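Asks: After the structure tokens below, expect a handful of questions from me.
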Amino acid sequence: MRKISFVNEKGGSGKTTLTINIGAYIAMQGKKVLILDMDPQGHIGKSLGIDVRRIDNTIFDVLVNEDVRLKETIRKTGIENLDIVPSNKLLTDFVINVADHEDRHLKLTKKLAELNEYDYVLVDCPPSLGLLTVNILLAVNEVVIPVSLTYLALDGCAEIVDTVKTVRRNFGKNDLDITMVVPTFYRNTNMANIILEKMRKYFGNRVSNTIIKFDVKIDQAQSFGKTIFEFAPKSPGAVMMEELAREVMKIGEDRLI
Ligand SMILES: Nc1ncnc2c1ncn2[C@@H]1O[C@H](COP(=O)(O)OP(=O)(O)OP(=O)(O)O)[C@@H](O)[C@H]1O
Ligand SMILES: [Mg+2]
């Protein structure tokens, strides 16, 4: 079971979009995929047309209640093989609820250990590096960093690298790696090209070959609660997402970093 998190403390870098569309594509190839929404914004559910404000049984219940099993909160989606555990605003209370628990960093790790029926678990992260993100980094093995090609984007990258190193060191989590860095929101401008060049210098072959360009269809798809493959399967956005998903699937084969 591959466990991949999509991390960037910078908001709007493409975490949710990649999680949803890569997850959908992999599921469409016949692999069993579970997406966990660890962001109180609840965007995974929203992106699939679920009104997350009104739902019970979210990831919050799993994380704060000893007796709620992850399995009980899993929902099927309109895409075969793609399941999700949604979240909503309640998740902001997580930190307060577990503040005095000794195992507060390991809540997700413990619950995820009960699962083995999926080929992939993808985790959508909040735009911050607090206790939720530490829970995620301890529960997964792979970190994918989407980086919007804008000024200051590299700052955010450096922060994540530091956080991953700290988690590895402080928690002895040696099987955690940054497996891919994905340039997003690419436009052919000097600025974007310089940032891309810097990323390649720093991350080498961890930078994905697929560069995600701006395609309004991707945004529209989300607003209709659909993946790009359902909404505009022939669009450039769908082609880019497919190429990227194929790269992600390959990491475990010929691209182990
Ligand atoms: N390649 C793209 N082209 C056009 N719009 C995009 C593209 N990728 C993402 N978007 C849109 O940009 C917005 C931000 O993307 P997304 O929600 O994936 O970022 P995020 O990193 O998850 O944000 P947050 O940090 O708030 O969770 C969304 O409205 C999404 O539909
Ligand atoms: Mg998001």
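In the structure tokens, chains take the letters A, B, ... in the order shown, each chain's residues start at 1, and ligands count up from 1 in the order shown.
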Neighbouring residues of ligand 2 are defined here as those with any atom at most 9 Å from a ligand atom, counting only C-alpha atoms and all ligand atoms; list them as a ChimeraX atom specification.
Replies: /A:11-17,19,37,39,41-44,124-127
Asks: Next, write the just-selected residues to a file, as a compact mmCIF listing (two decimals), in the first residue's frame, keeping C-alpha atoms as the atom set.
Replies:
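Dumped everything to selection21.txt:
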```txt
# COMPACT_ATOMS: atom_id res chain seq x y z
CA GLY A 11 -2.24 27.90 0.00
CA GLY A 12 -3.52 27.41 -3.51
CA SER A 13 -0.51 25.53 -4.86
CA GLY A 14 -2.59 22.68 -6.31
CA LYS A 15 -2.57 20.09 -3.49
CA THR A 16 -6.27 19.25 -3.62
CA THR A 17 -6.45 19.36 -7.41
CA THR A 19 -4.86 14.63 -4.99
CA ASP A 37 -8.96 14.81 3.52
CA ASP A 39 -7.69 19.81 5.59
CA GLN A 41 -11.46 23.34 4.44
CA GLY A 42 -13.03 20.06 3.33
CA HIS A 43 -12.08 20.59 -0.29
CA ILE A 44 -11.83 16.91 -1.21
CA ASP A 124 -4.60 16.01 1.02
CA CYS A 125 -2.89 18.36 3.49
CA PRO A 126 -3.90 21.70 4.96
CA PRO A 127 -1.91 24.81 4.04
```
Asks: Which neighbours of A:Gly130 fall inside 12 Å, counting only C-alpha atoms, when residues of the same chain fewer than 6 positions from it are skipped, and could you give them as a JSON list (two decimals) with C-alpha atoms, in the first residue's frame?
Replies:
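Saved result, around.json, follows:
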```json
[["chain", "number", "residue", "atom", "x", "y", "z"],
["A", 7, "VAL", "CA", 2.07, 18.89, 1.04],
["A", 8, "ASN", "CA", 2.70, 22.60, 0.79],
["A", 9, "GLU", "CA", 2.06, 25.14, 3.50],
["A", 38, "MET", "CA", -6.83, 16.18, 6.33],
["A", 39, "ASP", "CA", -7.69, 19.81, 5.59],
["A", 92, "THR", "CA", -9.89, 22.67, 13.28],
["A", 94, "PHE", "CA", -8.42, 18.43, 16.44],
["A", 95, "VAL", "CA", -5.43, 20.16, 18.02],
["A", 104, "ARG", "CA", -1.23, 13.09, 19.56],
["A", 105, "HIS", "CA", 1.30, 12.92, 16.71],
["A", 136, "ILE", "CA", 0.29, 13.03, 8.07],
["A", 137, "LEU", "CA", 4.06, 12.93, 7.68],
["A", 160, "ILE", "CA", 8.77, 21.60, 3.70],
["A", 163, "THR", "CA", 9.94, 19.89, 8.15],
["A", 167, "VAL", "CA", 10.26, 14.62, 11.29]]
```
Asks: Set out as JSON lines a contact list for stretch 75-148 of chain A and stretch 231-247 of chain A with a cut-off of 12 Å, giving each residue of stretch 75-148 of chain A that qualifies its closest atom pair and distance in Å to one decimal, counting only C-alpha atoms, ordered by chain and rising residue number.
Replies:
```
{"residue": "A:Leu122", "atom": "CA", "partner": "A:Ala245", "partner_atom": "CA", "distance": 12.0}
{"residue": "A:Val144", "atom": "CA", "partner": "A:Leu244", "partner_atom": "CA", "distance": 11.4}
{"residue": "A:Pro146", "atom": "CA", "partner": "A:Leu244", "partner_atom": "CA", "distance": 11.4}
```
Asks: Dump N, CA and C atoms for the selected residues as a JSON list (two decimals), in the first residue's frame?
Replies:
```
[["chain", "number", "residue", "atom", "x", "y", "z"],
["A", 122, "LEU", "N", -3.96, 8.35, -0.62],
["A", 122, "LEU", "CA", -3.49, 9.70, -0.92],
["A", 122, "LEU", "C", -4.03, 10.64, 0.14],
["A", 144, "VAL", "N", 4.65, 14.46, -1.89],
["A", 144, "VAL", "CA", 4.65, 15.12, -3.19],
["A", 144, "VAL", "C", 4.39, 16.60, -2.92],
["A", 146, "PRO", "N", 3.43, 20.07, -4.58],
["A", 146, "PRO", "CA", 3.07, 20.91, -5.72],
["A", 146, "PRO", "C", 3.57, 22.33, -5.46]]
```
Asks: Among stretch 94-194 of chain A, which residues carry a DSSP assignment of helix (DSSP H, G or I), reported as a PyMOL selection string?
Replies: chain A and resi 94-98+104-112+131-139+153-171+190-194
Asks: Write out, as a PDB file, in the first residue's frame, the residues just selected, with C-alpha atoms.
Replies:
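File produced: out33.pdb:
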```
ATOM      1  CA  PHE A  94      -8.418  18.434  16.436  1.00  0.00           C
ATOM      2  CA  VAL A  95      -5.429  20.162  18.018  1.00  0.00           C
ATOM      3  CA  ILE A  96      -7.389  21.244  21.109  1.00  0.00           C
ATOM      4  CA  ASN A  97      -8.989  17.833  21.491  1.00  0.00           C
ATOM      5  CA  VAL A  98      -5.737  15.927  21.602  1.00  0.00           C
ATOM      6  CA  ARG A 104      -1.227  13.093  19.558  1.00  0.00           C
ATOM      7  CA  HIS A 105       1.300  12.915  16.708  1.00  0.00           C
ATOM      8  CA  LEU A 106       0.423   9.328  15.916  1.00  0.00           C
ATOM      9  CA  LYS A 107      -3.375   9.452  15.688  1.00  0.00           C
ATOM     10  CA  LEU A 108      -3.451   8.990  11.923  1.00  0.00           C
ATOM     11  CA  THR A 109      -0.649   6.420  11.873  1.00  0.00           C
ATOM     12  CA  LYS A 110      -2.570   4.216  14.313  1.00  0.00           C
ATOM     13  CA  LYS A 111      -5.835   4.380  12.409  1.00  0.00           C
ATOM     14  CA  LEU A 112      -4.207   3.853   9.024  1.00  0.00           C
ATOM     15  CA  LEU A 131       0.008  18.985  14.266  1.00  0.00           C
ATOM     16  CA  LEU A 132      -2.246  17.784  11.429  1.00  0.00           C
ATOM     17  CA  THR A 133       0.650  17.837   9.001  1.00  0.00           C
ATOM     18  CA  VAL A 134       2.969  16.096  11.478  1.00  0.00           C
ATOM     19  CA  ASN A 135       0.297  13.386  11.839  1.00  0.00           C
ATOM     20  CA  ILE A 136       0.286  13.031   8.069  1.00  0.00           C
ATOM     21  CA  LEU A 137       4.059  12.927   7.676  1.00  0.00           C
ATOM     22  CA  LEU A 138       4.318  10.218  10.321  1.00  0.00           C
ATOM     23  CA  ALA A 139       1.600   8.146   8.649  1.00  0.00           C
ATOM     24  CA  ALA A 153       7.159  29.623  -4.020  1.00  0.00           C
ATOM     25  CA  LEU A 154      10.661  28.332  -3.368  1.00  0.00           C
ATOM     26  CA  ASP A 155      10.535  29.649   0.188  1.00  0.00           C
ATOM     27  CA  GLY A 156       7.619  27.346   0.851  1.00  0.00           C
ATOM     28  CA  CYS A 157       9.577  24.446  -0.628  1.00  0.00           C
ATOM     29  CA  ALA A 158      12.521  25.023   1.701  1.00  0.00           C
ATOM     30  CA  GLU A 159      10.148  24.992   4.675  1.00  0.00           C
ATOM     31  CA  ILE A 160       8.774  21.598   3.704  1.00  0.00           C
ATOM     32  CA  VAL A 161      12.208  20.125   3.175  1.00  0.00           C
ATOM     33  CA  ASP A 162      13.140  21.314   6.679  1.00  0.00           C
ATOM     34  CA  THR A 163       9.940  19.889   8.151  1.00  0.00           C
ATOM     35  CA  VAL A 164      10.493  16.516   6.493  1.00  0.00           C
ATOM     36  CA  LYS A 165      14.073  16.437   7.781  1.00  0.00           C
ATOM     37  CA  THR A 166      12.916  17.347  11.289  1.00  0.00           C
ATOM     38  CA  VAL A 167      10.257  14.622  11.291  1.00  0.00           C
ATOM     39  CA  ARG A 168      12.796  12.078  10.069  1.00  0.00           C
ATOM     40  CA  ARG A 169      15.252  13.068  12.768  1.00  0.00           C
ATOM     41  CA  ASN A 170      12.994  13.687  15.761  1.00  0.00           C
ATOM     42  CA  PHE A 171      10.680  10.738  15.209  1.00  0.00           C
ATOM     43  CA  ASN A 190      10.683  34.683 -17.518  1.00  0.00           C
ATOM     44  CA  MET A 191       9.828  34.516 -13.862  1.00  0.00           C
ATOM     45  CA  ALA A 192       8.229  31.067 -14.106  1.00  0.00           C
ATOM     46  CA  ASN A 193      11.148  29.713 -16.125  1.00  0.00           C
ATOM     47  CA  ILE A 194      13.710  31.021 -13.635  1.00  0.00           C
TER      48      ILE A 194
END
```
Asks: May I have all residues of stretch 6-207 of chain A that DSSP, computed from the backbone, assigns to strand (DSSP E or B), given as an MDAnalysis selection string?
Replies: chainID A and resid 6 33:37 75:76 82:85 120:124 142:148 177:184 186 207
Asks: With C-alpha atoms retained, could you export that selection as a PDB file, in the first residue's frame?
Replies:
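Dumped to result-v4.pdb:
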```
ATOM      1  CA  PHE A   6       0.402  16.206  -1.039  1.00  0.00           C
ATOM      2  CA  VAL A  33      -7.491   4.240  -4.041  1.00  0.00           C
ATOM      3  CA  LEU A  34      -8.460   5.946  -0.786  1.00  0.00           C
ATOM      4  CA  ILE A  35      -8.203   9.712  -0.407  1.00  0.00           C
ATOM      5  CA  LEU A  36      -8.049  11.157   3.092  1.00  0.00           C
ATOM      6  CA  ASP A  37      -8.956  14.812   3.521  1.00  0.00           C
ATOM      7  CA  ARG A  75     -17.405   6.712   1.451  1.00  0.00           C
ATOM      8  CA  LYS A  76     -17.633   5.482  -2.099  1.00  0.00           C
ATOM      9  CA  LEU A  82     -12.067   5.595  -5.577  1.00  0.00           C
ATOM     10  CA  ASP A  83     -13.106   6.047  -1.945  1.00  0.00           C
ATOM     11  CA  ILE A  84     -12.700   9.038   0.333  1.00  0.00           C
ATOM     12  CA  VAL A  85     -12.790  10.014   3.970  1.00  0.00           C
ATOM     13  CA  TYR A 120      -2.883   3.720  -2.732  1.00  0.00           C
ATOM     14  CA  VAL A 121      -3.744   6.048   0.116  1.00  0.00           C
ATOM     15  CA  LEU A 122      -3.485   9.700  -0.922  1.00  0.00           C
ATOM     16  CA  VAL A 123      -3.624  12.416   1.725  1.00  0.00           C
ATOM     17  CA  ASP A 124      -4.601  16.013   1.019  1.00  0.00           C
ATOM     18  CA  GLU A 142       5.945   9.738   0.325  1.00  0.00           C
ATOM     19  CA  VAL A 143       5.667  13.477   0.067  1.00  0.00           C
ATOM     20  CA  VAL A 144       4.654  15.124  -3.188  1.00  0.00           C
ATOM     21  CA  ILE A 145       5.087  18.898  -3.209  1.00  0.00           C
ATOM     22  CA  PRO A 146       3.074  20.908  -5.723  1.00  0.00           C
ATOM     23  CA  VAL A 147       4.778  24.255  -6.245  1.00  0.00           C
ATOM     24  CA  SER A 148       3.033  27.091  -8.007  1.00  0.00           C
ATOM     25  CA  ASP A 177      10.893  10.845   1.471  1.00  0.00           C
ATOM     26  CA  ILE A 178      10.089  13.694  -0.830  1.00  0.00           C
ATOM     27  CA  THR A 179       9.423  11.628  -3.910  1.00  0.00           C
ATOM     28  CA  MET A 180       8.195  14.298  -6.287  1.00  0.00           C
ATOM     29  CA  VAL A 181       8.038  18.040  -6.723  1.00  0.00           C
ATOM     30  CA  VAL A 182       5.416  19.164  -9.212  1.00  0.00           C
ATOM     31  CA  PRO A 183       5.525  22.583 -10.891  1.00  0.00           C
ATOM     32  CA  THR A 184       1.995  23.958 -11.112  1.00  0.00           C
ATOM     33  CA  TYR A 186       2.970  27.264 -15.248  1.00  0.00           C
ATOM     34  CA  VAL A 207      10.944  17.452 -10.293  1.00  0.00           C
TER      35      VAL A 207
END
```
Asks: How many Å separate atom CA of A:Ile228 from atom CA of A:Ala27?
Replies: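 Separation of atom CA of A:Ile228 and atom CA of A:Ala27: 13.6 Å.
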Asks: Can you measure atom CA of A:Thr150 to atom 6 (C, counted along the ligand's line) of ligand 1 for me? One decimal in Å is fine.
Replies: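 Computing it gives 13.7 Å between the two atoms.
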